[in-house]
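Asker: See data_5.tsv below, with TSV, C-alpha atoms and all ligand atoms.
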```
chain	number	residue	atom	x	y	z
U	1	MET	CA	-11.84	63.43	34.98
U	2	SER	CA	-8.59	64.78	33.70
U	3	ALA	CA	-6.76	62.97	30.92
U	4	ARG	CA	-4.27	61.40	33.34
U	5	SER	CA	-6.65	60.76	36.24
U	6	SER	CA	-7.32	57.11	35.38
U	7	GLU	CA	-3.60	56.35	35.27
U	8	ARG	CA	-2.25	53.90	37.81
U	9	TYR	CA	1.10	53.77	39.52
U	10	GLY	CA	3.44	51.36	37.70
U	11	GLY	CA	4.13	47.87	39.08
U	12	THR	CA	7.63	48.80	40.27
U	13	ALA	CA	6.39	51.91	42.14
U	14	ILE	CA	3.56	49.87	43.74
U	15	ALA	CA	5.94	47.08	44.78
U	16	ILE	CA	8.45	49.54	46.31
U	17	HIS	CA	5.65	51.44	48.12
U	18	TRP	CA	4.18	48.40	49.87
U	19	VAL	CA	7.49	46.64	50.56
U	20	THR	CA	8.92	49.83	52.13
U	21	ALA	CA	5.70	50.46	54.09
U	22	VAL	CA	5.96	46.95	55.65
U	23	LEU	CA	9.71	47.34	56.31
U	24	ILE	CA	9.15	50.74	57.97
U	25	LEU	CA	6.44	49.33	60.24
U	26	ALA	CA	8.87	46.52	61.19
U	27	LEU	CA	11.58	49.12	61.90
U	28	PHE	CA	9.29	50.98	64.31
U	29	VAL	CA	8.26	47.80	66.11
U	30	ILE	CA	11.85	46.52	66.40
U	31	GLY	CA	13.26	50.03	67.16
U	32	TRP	CA	10.86	50.77	70.01
U	33	ARG	CA	11.19	47.25	71.50
U	34	MET	CA	14.96	46.87	71.26
U	35	VAL	CA	15.85	50.08	73.17
U	36	GLY	CA	14.06	48.77	76.27
U	37	MET	CA	15.61	45.26	76.17
U	38	GLN	CA	18.16	44.03	78.73
U	39	LEU	CA	21.70	43.77	77.36
U	40	SER	CA	21.71	40.27	75.82
U	41	PRO	CA	22.50	38.45	72.55
U	42	ALA	CA	18.81	38.94	71.60
U	43	LYS	CA	19.18	42.71	72.01
U	44	MET	CA	22.33	42.73	69.85
U	45	GLU	CA	20.51	40.69	67.18
U	46	ALA	CA	17.54	43.07	67.28
U	47	TYR	CA	19.87	46.06	66.81
U	48	ALA	CA	21.69	44.34	63.92
U	49	LEU	CA	18.38	43.47	62.24
U	50	HIS	CA	17.03	47.01	62.73
U	51	LYS	CA	20.14	48.53	61.18
U	52	SER	CA	20.17	46.13	58.20
U	53	ILE	CA	16.47	46.71	57.43
U	54	GLY	CA	17.06	50.47	57.83
U	55	LEU	CA	19.87	50.33	55.25
U	56	LEU	CA	17.58	48.32	52.95
U	57	VAL	CA	14.94	51.07	53.20
U	58	LEU	CA	17.61	53.67	52.39
U	59	ALA	CA	18.57	51.70	49.26
U	60	ALA	CA	14.89	51.26	48.27
U	61	VAL	CA	14.22	55.00	48.66
U	62	ILE	CA	17.24	55.96	46.54
U	63	PHE	CA	16.10	53.45	43.88
U	64	ARG	CA	12.53	54.82	44.03
U	65	LEU	CA	13.75	58.41	43.55
U	66	LEU	CA	15.84	57.37	40.55
U	67	TRP	CA	12.88	55.37	39.17
U	68	ARG	CA	10.65	58.43	39.56
U	69	GLY	CA	12.97	60.17	37.07
U	70	PHE	CA	12.02	57.58	34.42
U	71	ARG	CA	8.33	57.13	35.27
U	72	THR	CA	6.46	60.26	36.41
U	73	PRO	CA	3.76	59.40	39.02
U	74	PRO	CA	0.14	59.86	37.87
U	75	ALA	CA	-1.64	63.14	38.69
U	76	LEU	CA	-4.30	63.12	41.45
U	77	PRO	CA	-7.79	62.43	40.07
U	78	ASP	CA	-9.78	65.71	39.72
U	79	ALA	CA	-8.71	66.97	43.14
U	80	PRO	CA	-8.81	70.66	44.17
U	81	ARG	CA	-5.56	72.57	43.83
U	82	TRP	CA	-4.85	72.59	47.59
U	83	GLN	CA	-5.09	68.80	47.69
U	84	GLN	CA	-2.68	68.47	44.77
U	85	HIS	CA	-0.22	70.71	46.65
U	86	ALA	CA	-0.77	68.88	49.96
U	87	ALA	CA	-0.17	65.48	48.30
U	88	ARG	CA	2.98	66.78	46.61
U	89	ALA	CA	4.28	68.33	49.86
U	90	THR	CA	3.61	65.06	51.73
U	91	HIS	CA	5.50	63.02	49.15
U	92	VAL	CA	8.48	65.43	49.17
U	93	LEU	CA	8.56	65.38	52.99
U	94	PHE	CA	8.31	61.56	52.98
U	95	TYR	CA	11.32	61.25	50.71
U	96	LEU	CA	13.34	63.78	52.73
U	97	LEU	CA	12.56	61.90	55.97
U	98	LEU	CA	13.07	58.46	54.44
U	99	PHE	CA	16.53	59.59	53.37
U	100	ALA	CA	17.48	61.56	56.52
U	101	LEU	CA	16.18	59.00	59.06
U	102	PRO	CA	18.34	56.00	58.04
U	103	CYS	CA	21.30	58.37	57.51
U	104	SER	CA	20.85	59.71	61.06
U	105	GLY	CA	20.86	56.09	62.34
U	106	TRP	CA	24.06	55.41	60.37
U	107	MET	CA	25.61	58.64	61.73
U	108	TYR	CA	24.64	57.64	65.27
U	109	ASN	CA	26.11	54.16	64.83
U	110	SER	CA	29.33	55.69	63.43
U	111	SER	CA	29.61	58.22	66.27
U	112	VAL	CA	29.29	55.38	68.83
U	113	GLY	CA	32.03	53.50	66.98
U	114	PHE	CA	30.02	50.30	66.43
U	115	PRO	CA	30.76	48.20	63.33
U	116	LEU	CA	27.88	48.13	60.82
U	117	SER	CA	27.01	45.11	58.74
U	118	PHE	CA	24.34	44.72	56.06
U	119	PHE	CA	22.67	41.38	56.95
U	120	GLY	CA	26.18	39.95	57.58
U	121	PHE	CA	27.04	40.21	53.85
U	122	ALA	CA	28.75	43.58	53.62
U	123	SER	CA	30.59	45.73	56.11
U	124	MET	CA	29.46	49.36	55.85
U	125	PRO	CA	32.04	52.11	56.49
U	126	PRO	CA	31.55	54.67	59.30
U	127	LEU	CA	30.31	58.07	58.05
U	128	ILE	CA	32.09	59.99	60.84
U	129	GLU	CA	34.64	59.27	63.58
U	130	ALA	CA	33.48	58.12	67.03
U	131	ASP	CA	32.59	61.18	69.13
U	132	GLN	CA	30.72	61.50	72.44
U	133	VAL	CA	29.01	64.84	71.66
U	134	ALA	CA	28.04	63.84	68.11
U	135	LYS	CA	26.67	60.57	69.53
U	136	ASP	CA	24.06	62.34	71.68
U	137	THR	CA	23.12	64.71	68.84
U	138	TRP	CA	22.59	61.93	66.28
U	139	ARG	CA	20.71	59.78	68.74
U	140	ALA	CA	18.31	62.68	69.46
U	141	MET	CA	18.06	63.39	65.72
U	142	HIS	CA	17.17	59.75	64.94
U	143	TRP	CA	14.49	59.81	67.65
U	144	LEU	CA	13.05	63.15	66.44
U	145	LEU	CA	13.03	62.19	62.74
U	146	GLY	CA	11.38	58.88	63.70
U	147	TRP	CA	8.51	60.70	65.39
U	148	MET	CA	8.19	63.10	62.46
U	149	LEU	CA	7.89	60.11	60.11
U	150	ALA	CA	5.31	58.47	62.39
U	151	GLY	CA	3.24	61.70	62.33
U	152	LEU	CA	3.47	61.99	58.55
U	153	MET	CA	2.43	58.35	58.15
U	154	GLY	CA	-0.64	59.10	60.28
U	155	ILE	CA	-1.58	62.11	58.10
U	156	HIS	CA	-0.92	60.08	54.93
U	157	ILE	CA	-3.17	57.22	56.00
U	158	VAL	CA	-5.98	59.57	57.12
U	159	ALA	CA	-5.74	61.39	53.74
U	160	VAL	CA	-5.93	58.08	51.83
U	161	LEU	CA	-8.96	56.94	53.89
U	162	TYR	CA	-10.63	60.33	53.24
U	163	HIS	CA	-10.15	59.84	49.49
U	164	GLN	CA	-11.44	56.29	49.67
U	165	PHE	CA	-14.52	56.74	51.87
U	166	VAL	CA	-15.48	60.44	51.59
U	167	GLN	CA	-14.37	61.53	48.12
U	168	ARG	CA	-14.74	57.99	46.78
U	169	ASP	CA	-12.11	58.49	44.09
U	170	SER	CA	-9.45	56.18	42.66
U	171	VAL	CA	-6.46	57.37	44.74
U	172	LEU	CA	-6.11	54.13	46.72
U	173	GLN	CA	-6.98	51.81	43.83
U	174	ARG	CA	-4.15	53.26	41.75
U	175	MET	CA	-1.68	52.19	44.45
U	176	LEU	CA	-3.12	48.68	44.95
U	177	PRO	CA	-1.47	45.78	43.12
U	178	ALA	CA	-3.43	44.11	40.29
U	179	PHE	CA	-6.57	46.09	41.09
U	180	ASP	CA	-7.65	45.99	37.43
U	181	ILE	CA	-7.61	42.17	37.44
U	182	TRP	CA	-9.59	42.04	40.71
U	183	LYS	CA	-12.14	44.55	39.31
U	184	ARG	CA	-12.61	42.50	36.12
U	185	ARG	CA	-13.21	39.36	38.25
U	186	GLN	CA	-15.90	41.24	40.24
U	187	ALA	CA	-17.71	42.32	37.03
U	201	LIG	C1	5.09	53.25	56.26
U	201	LIG	C2	4.03	53.66	55.70
U	201	LIG	C3	3.97	54.43	54.38
U	201	LIG	C4	4.88	55.21	53.73
U	201	LIG	C5	6.28	55.57	54.20
U	201	LIG	C6	4.26	55.69	52.51
U	201	LIG	C7	4.89	56.53	51.59
U	201	LIG	C8	4.31	56.98	50.42
U	201	LIG	C9	4.97	57.79	49.44
U	201	LIG	C10	6.40	58.32	49.55
U	201	LIG	C11	4.12	57.98	48.42
U	201	LIG	C12	4.38	58.76	47.14
U	201	LIG	C13	4.75	57.76	46.06
U	201	LIG	C14	5.35	58.44	44.88
U	201	LIG	O1	4.63	59.14	44.16
U	201	LIG	O2	6.57	58.29	44.68
U	201	LIG	C15	2.90	57.29	48.75
U	201	LIG	C16	1.77	57.25	47.96
U	201	LIG	C17	0.62	56.61	48.32
U	201	LIG	N1	0.41	55.84	49.45
U	201	LIG	FE1	1.68	55.54	50.95
U	201	LIG	N2	2.99	55.18	52.44
U	201	LIG	C18	2.78	54.41	53.56
U	201	LIG	C19	1.66	53.70	53.89
U	201	LIG	C20	0.51	53.73	53.14
U	201	LIG	C21	-0.73	53.07	53.52
U	201	LIG	C22	-0.94	52.24	54.80
U	201	LIG	C23	-1.63	53.34	52.54
U	201	LIG	C24	-3.09	52.90	52.45
U	201	LIG	C25	-3.94	53.13	53.41
U	201	LIG	C26	-0.96	54.12	51.53
U	201	LIG	C27	-1.50	54.56	50.35
U	201	LIG	C28	-0.89	55.35	49.42
U	201	LIG	C29	-1.53	55.83	48.20
U	201	LIG	C30	-2.96	55.53	47.77
U	201	LIG	C31	-0.60	56.61	47.52
U	201	LIG	C32	-0.81	57.37	46.21
U	201	LIG	C33	-1.24	58.75	46.59
U	201	LIG	C34	-1.25	59.68	45.43
U	201	LIG	O3	-1.53	59.29	44.30
U	201	LIG	O4	-0.96	60.86	45.69
U	201	LIG	N3	0.34	54.35	51.95
U	201	LIG	N4	3.05	56.69	49.98
U	202	LIG	C1	13.65	54.29	57.84
U	202	LIG	C2	14.58	53.75	58.61
U	202	LIG	C3	14.56	53.74	60.12
U	202	LIG	C4	13.52	53.90	61.01
U	202	LIG	C5	12.03	54.15	60.69
U	202	LIG	C6	14.08	53.78	62.33
U	202	LIG	C7	13.34	53.91	63.50
U	202	LIG	C8	13.87	53.81	64.78
U	202	LIG	C9	13.11	53.92	66.00
U	202	LIG	C10	11.59	54.18	66.08
U	202	LIG	C11	13.97	53.75	67.04
U	202	LIG	C12	13.64	53.81	68.55
U	202	LIG	C13	14.00	55.19	69.05
U	202	LIG	C14	13.73	55.34	70.53
U	202	LIG	O1	12.61	55.08	70.98
U	202	LIG	O2	14.65	55.75	71.24
U	202	LIG	C15	15.29	53.54	66.49
U	202	LIG	C16	16.43	53.33	67.23
U	202	LIG	C17	17.66	53.08	66.68
U	202	LIG	N1	17.99	53.03	65.35
U	202	LIG	FE1	16.72	53.31	63.81
U	202	LIG	N2	15.43	53.54	62.24
U	202	LIG	C18	15.76	53.50	60.91
U	202	LIG	C19	17.01	53.27	60.37
U	202	LIG	C20	18.16	53.03	61.10
U	202	LIG	C21	19.48	52.77	60.55
U	202	LIG	C22	19.81	52.68	59.05
U	202	LIG	C23	20.32	52.61	61.60
U	202	LIG	C24	21.81	52.32	61.61
U	202	LIG	C25	22.52	52.05	60.56
U	202	LIG	C26	19.55	52.74	62.81
U	202	LIG	C27	20.07	52.64	64.07
U	202	LIG	C28	19.34	52.76	65.23
U	202	LIG	C29	19.92	52.61	66.56
U	202	LIG	C30	21.38	52.29	66.87
U	202	LIG	C31	18.87	52.83	67.46
U	202	LIG	C32	18.94	52.77	69.00
U	202	LIG	C33	19.06	54.16	69.56
U	202	LIG	C34	19.17	54.09	71.06
U	202	LIG	O3	19.80	53.16	71.58
U	202	LIG	O4	18.62	54.99	71.70
U	202	LIG	N3	18.23	53.00	62.47
U	202	LIG	N4	15.19	53.59	65.11
```
Take the structure in this file and express it as C-alpha cells.
Answerer:
Amino acid sequence: MSARSSERYGGTAIAIHWVTAVLILALFVIGWRMVGMQLSPAKMEAYALHKSIGLLVLAAVIFRLLWRGFRTPPALPDAPRWQQHAARATHVLFYLLLFALPCSGWMYNSSVGFPLSFFGFASMPPLIEADQVAKDTWRAMHWLLGWMLAGLMGIHIVAVLYHQFVQRDSVLQRMLPAFDIWKRRQA
C-alpha cells in the first residue's frame, strides 16, 4: 500500500458527503413528484421546499470546495492509474454539476419571475430578469443537468460497490463515519 493509502477522509468531509447525498436524493424525489402535482398549496410548498434544499446543497458544495483547499482528500489505495484518473474526473464532474444544477434552478426561477426564499428566513435576489425565452432554456438546462447528475451518481455507486466487493479495498471504509471505532469493537 502507498504511504497515504490508509488515510481516511476527515470528519467534516464525511459529514458533508453523506448529508449532501441524502439531500440530493430528497431533491430528486421531491423534484420529480412536484412537477406532476395539481396546482394546489401542497404543490407550492413542495416547490418552496425543493428550492430551499437546492440552495442548501449549493452552499454545502461551495463550503466543501473551500474545505478541500485546507484538507487534501486521501489518495486512492493502490489503484491502477486509470482508476485514479477516473475517480478524479468523476469528482471534478460531480462538483461542476453540483454547482451548475442548483444555479440553473435559480436561473429558471428568476426567469419565471417567482420570488425565492431560503426556508422562509432569507429572500434570495433574482439572478436575471424575467424572460420567456430564457425561462424555457433554463428549465431544459435544469432537467438535462439533473439527468446528468443521476447518471453520474449511478456510475459512482457502481464504482464504489466494485471497490468494496471485487477489489475489496478500503475505498468505502474511508468514507464511512467512525469506521475505526466499529472495527475495533468487532476485533
Ligand atoms: C447523491 C449521491 C452522491 C453524491 C452526489 C456523491 C458525491 C461524491 C463526491 C463529490 C465525492 C468526492 C469527495 C471529495 O473528494 O471531495 C465522493 C466520494 C465518495 N463517495 Fe460519494 N456521492 C454520492 C453517493 C454515494 C454513495 C451512495 C456511496 C456509497 C455507496 C458513496 C461513496 C463514496 C466514496 C467511498 C467516496 C470516496 C471515493 C474516493 O476516495 O475516491 N457516495 N462522493
Ligand atoms: C442539487 C440541486 C438540485 C437538484 C438535484 C434538482 C433536481 C430537480 C429535478 C429532478 C427536477 C424535476 C425535473 C423534471 O422532471 O422536469 C427539478 C425541478 C425543478 N427545480 Fe430543481 N434541483 C436542484 C436545485 C434547485 C434549485 C436551487 C432551484 C431553485 C432555486 C430549483 C428549482 C426547480 C424548479 C422551479 C423545478 C420545476 C421545473 C418545472 O416546473 O418543470 N431546483 N429539480
Asker: Give one line per residue of chain U that approaches ligand LIG 202 (chain U) to at most 6 Å, naming the two atoms of the closest pair and their distance in Å to one decimal, counting all atoms listed in the file; sort by chain then ascending residue number and deliver it as a Markdown table.
Answerer:
```
| residue | atom | partner | partner_atom | distance |
| --- | --- | --- | --- | --- |
| U:Ile24 | CA | U:LIG202 | C5 | 5.2 |
| U:Leu27 | CA | U:LIG202 | C5 | 5.2 |
| U:Phe28 | CA | U:LIG202 | C10 | 4.3 |
| U:Gly31 | CA | U:LIG202 | C11 | 3.8 |
| U:Trp32 | CA | U:LIG202 | C12 | 4.4 |
| U:Val35 | CA | U:LIG202 | O3 | 5.3 |
| U:Lys51 | CA | U:LIG202 | C23 | 4.1 |
| U:Gly54 | CA | U:LIG202 | C22 | 3.7 |
| U:Leu55 | CA | U:LIG202 | C22 | 4.5 |
| U:Val57 | CA | U:LIG202 | C1 | 5.8 |
| U:Leu98 | CA | U:LIG202 | C1 | 5.4 |
| U:Leu101 | CA | U:LIG202 | C1 | 5.5 |
| U:Pro102 | CA | U:LIG202 | C22 | 3.8 |
| U:Gly105 | CA | U:LIG202 | C23 | 3.6 |
| U:Trp106 | CA | U:LIG202 | C25 | 3.7 |
| U:Asn109 | CA | U:LIG202 | C30 | 5.5 |
| U:Arg139 | CA | U:LIG202 | C33 | 5.9 |
| U:Trp143 | CA | U:LIG202 | C13 | 4.9 |
| U:Gly146 | CA | U:LIG202 | C10 | 5.3 |
```
Asker: Counting only C-alpha atoms and all ligand atoms, what are the residues of chain U within 8 Å of ligand LIG 201 (chain U), and for each of them which pair of atoms is the nearest and at what distance in Å, to one decimal? Sort the table by chain and rising number, as a Markdown table.
Answerer:
```
| residue | atom | partner | partner_atom | distance |
| --- | --- | --- | --- | --- |
| U:Tyr9 | CA | U:LIG201 | O3 | 7.8 |
| U:Ala13 | CA | U:LIG201 | O2 | 6.9 |
| U:His17 | CA | U:LIG201 | C8 | 6.1 |
| U:Trp18 | CA | U:LIG201 | C19 | 7.1 |
| U:Thr20 | CA | U:LIG201 | C1 | 6.6 |
| U:Ala21 | CA | U:LIG201 | C1 | 3.6 |
| U:Val22 | CA | U:LIG201 | C1 | 6.4 |
| U:Leu23 | CA | U:LIG201 | C1 | 7.5 |
| U:Ile24 | CA | U:LIG201 | C1 | 5.1 |
| U:Leu25 | CA | U:LIG201 | C1 | 5.7 |
| U:Arg64 | CA | U:LIG201 | O2 | 6.9 |
| U:Leu65 | CA | U:LIG201 | O2 | 7.3 |
| U:Arg68 | CA | U:LIG201 | O2 | 6.5 |
| U:Pro73 | CA | U:LIG201 | O1 | 5.2 |
| U:Pro74 | CA | U:LIG201 | O3 | 6.7 |
| U:Ala75 | CA | U:LIG201 | O3 | 6.8 |
| U:Leu76 | CA | U:LIG201 | O3 | 5.5 |
| U:Gln84 | CA | U:LIG201 | O4 | 7.9 |
| U:Ala87 | CA | U:LIG201 | O4 | 5.4 |
| U:Arg88 | CA | U:LIG201 | O4 | 7.2 |
| U:Thr90 | CA | U:LIG201 | C10 | 7.6 |
| U:His91 | CA | U:LIG201 | C10 | 4.8 |
| U:Val92 | CA | U:LIG201 | C10 | 7.4 |
| U:Phe94 | CA | U:LIG201 | C10 | 5.1 |
| U:Tyr95 | CA | U:LIG201 | C10 | 5.8 |
| U:Leu98 | CA | U:LIG201 | C5 | 7.4 |
| U:Leu149 | CA | U:LIG201 | C5 | 7.6 |
| U:Met153 | CA | U:LIG201 | C2 | 5.5 |
| U:His156 | CA | U:LIG201 | FE1 | 6.6 |
| U:Ile157 | CA | U:LIG201 | C25 | 4.9 |
| U:Val158 | CA | U:LIG201 | C25 | 7.7 |
| U:Val160 | CA | U:LIG201 | C25 | 5.6 |
| U:Leu161 | CA | U:LIG201 | C25 | 6.3 |
| U:Val171 | CA | U:LIG201 | C30 | 5.0 |
| U:Leu172 | CA | U:LIG201 | C30 | 3.6 |
| U:Gln173 | CA | U:LIG201 | C30 | 6.7 |
| U:Arg174 | CA | U:LIG201 | C30 | 6.5 |
| U:Met175 | CA | U:LIG201 | C30 | 4.9 |
| U:Leu176 | CA | U:LIG201 | C30 | 7.4 |
```
Asker: Do a neighbour search on Met124 of chain U at 12 Å with all atoms listed in the file, toss out local chain neighbours closer than 3 positions, and write the hits as a list in words.
Answerer: Lys51, Ser52, Leu55, Trp106, Met107, Asn109, Ser110, Phe114, Pro115, Leu116, Ser117, Phe118, Phe119, Gly120, Phe121 and Leu127 of chain U
Asker: Just write the chosen residues, C-alpha atoms, as a tab-separated table (two decimals), in the frame of the given file.
Answerer:
```
chain	number	residue	atom	x	y	z
U	51	LYS	CA	20.14	48.53	61.18
U	52	SER	CA	20.17	46.13	58.20
U	55	LEU	CA	19.87	50.33	55.25
U	106	TRP	CA	24.06	55.41	60.37
U	107	MET	CA	25.61	58.64	61.73
U	109	ASN	CA	26.11	54.16	64.83
U	110	SER	CA	29.33	55.69	63.43
U	114	PHE	CA	30.02	50.30	66.43
U	115	PRO	CA	30.76	48.20	63.33
U	116	LEU	CA	27.88	48.13	60.82
U	117	SER	CA	27.01	45.11	58.74
U	118	PHE	CA	24.34	44.72	56.06
U	119	PHE	CA	22.67	41.38	56.95
U	120	GLY	CA	26.18	39.95	57.58
U	121	PHE	CA	27.04	40.21	53.85
U	127	LEU	CA	30.31	58.07	58.05
```
Asker: Distance atom CA of Trp147 of chain U-atom CA of Ala89 of chain U, one decimal place?
Answerer: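 Interatomic distance, atom CA of Trp147 of chain U to atom CA of Ala89 of chain U: 17.8 Å.
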